[in-house]
Amino acid sequence: MSTSTTFTKVVCSFTIDRQALAILLSTVSKFAGRTTPYDLVDLHFEKGRLFASCFNGEAGIKAIVAAQANAEDAPATTFGVNVALLTQLVATMEGNIKMGVKDDKVEVKAGKASSKLNAVLNASLPAVETGNMQAVATLSGEALLSALNAL
């Protein structure tokens with residue numbers, strides 16, 4: 001008896017500035033690998049923005065950058081990827097990055113370079129409940145990067 005796996009094709013693609021993506025990934029990667037062996041981060045694309053978030057059991061972070069949908073009716077999509085691999089991949093590319101989500105893969109393209117990474121689709125990693133929490137501090141992106149680089 002044979003079994004086969006059929007994936008529902010989830011097609012969503014967007015373009016993002018390579019430098020903005022590199023900063024986003026660098027920021028969240030400092031949290032992702034602290035206590036988890038997989039360096040997983042949730043990426044969520046919706047309405048011209050790419051959100052990256054993770055919770056490592058001790059702390060959580062959510063960062064946002066602008067991204068452009070490659071189709072007017074691009075659906076919102078959430079996928080988990082290994083942030084260390086994606087960071088290394090993006091560092092080797094030049095120009096704007098086009099990311100496409102299809103089945104259980106994320107395709108990353110820039111110019112003639114292209115690569116596919118395994119992804120966990122439509123499943124969110126554990127998150128910090130915000131409930132009635134009050135903001136303790138608000139930092140600019142530059143201040144946050146400076147503080148994280150000191151860690």
# chains A, B, ... in the order shown; residues from 1 in each chain; ligands from 1
>>> select_by_dssp(residues="range 11-125 of chain A", states="strand (DSSP E or B)", output="PyMOL selection string")
chain A and resi 12-16+40-46+49-55+60-66+68-69+77-82+97-102+105-110+113-118+120-121
>>> select_by_dssp(residues="range 2-144 of chain A", states="helix (DSSP H, G or I)", output="list in words")
Arg18, Gln19, Ala20, Leu21, Ala22, Ile23, Leu24, Leu25, Ser26, Thr27, Val28, Ser29, Lys30, Phe31, Ala32, Val83, Ala84, Leu85, Leu86, Thr87, Gln88, Leu89, Val90, Ala91, Gly141, Glu142, Ala143 and Leu144 of chain A
>>> closest_residue(among="A:Val136, A:Val41, A:Leu50, A:Ala150", to="Ala76 in chain A", atoms="only C-alpha atoms")
A:Leu50
>>> closest_residue(among="A:Ala63, A:Ile16, A:Leu117, A:Val90", to="Leu139 in chain A", atoms="only C-alpha atoms")
A:Ala63
>>> closest_residue(among="A:Asn118, A:Thr92, A:Ser13, A:Gln19", to="Phe45 in chain A", atoms="only C-alpha atoms")
A:Ser13
>>> atom_distance(atom1="CA of Gly48 in chain A", atom2="CA of Ala69 in chain A")
6.2 Å
>>> residues_around(residues="Leu25 in chain A", least_positions_apart="6", cutoff="8 Å", atoms="only C-alpha atoms", output="MDAnalysis selection string")
chainID A and resid 52 83 86:87
>>> closest_residue(among="A:Met93, A:Cys12, A:Leu148, A:Ala84", to="Ser29 in chain A", atoms="only C-alpha atoms")
A:Ala84
>>> residues_around(residues="Glu142 in chain A", least_positions_apart="6", cutoff="12 Å", atoms="only C-alpha atoms", output="count of residues only")
5
>>> atom_distance(atom1="CA of Gly60 in chain A", atom2="CA of Val28 in chain A")
8.8 Å
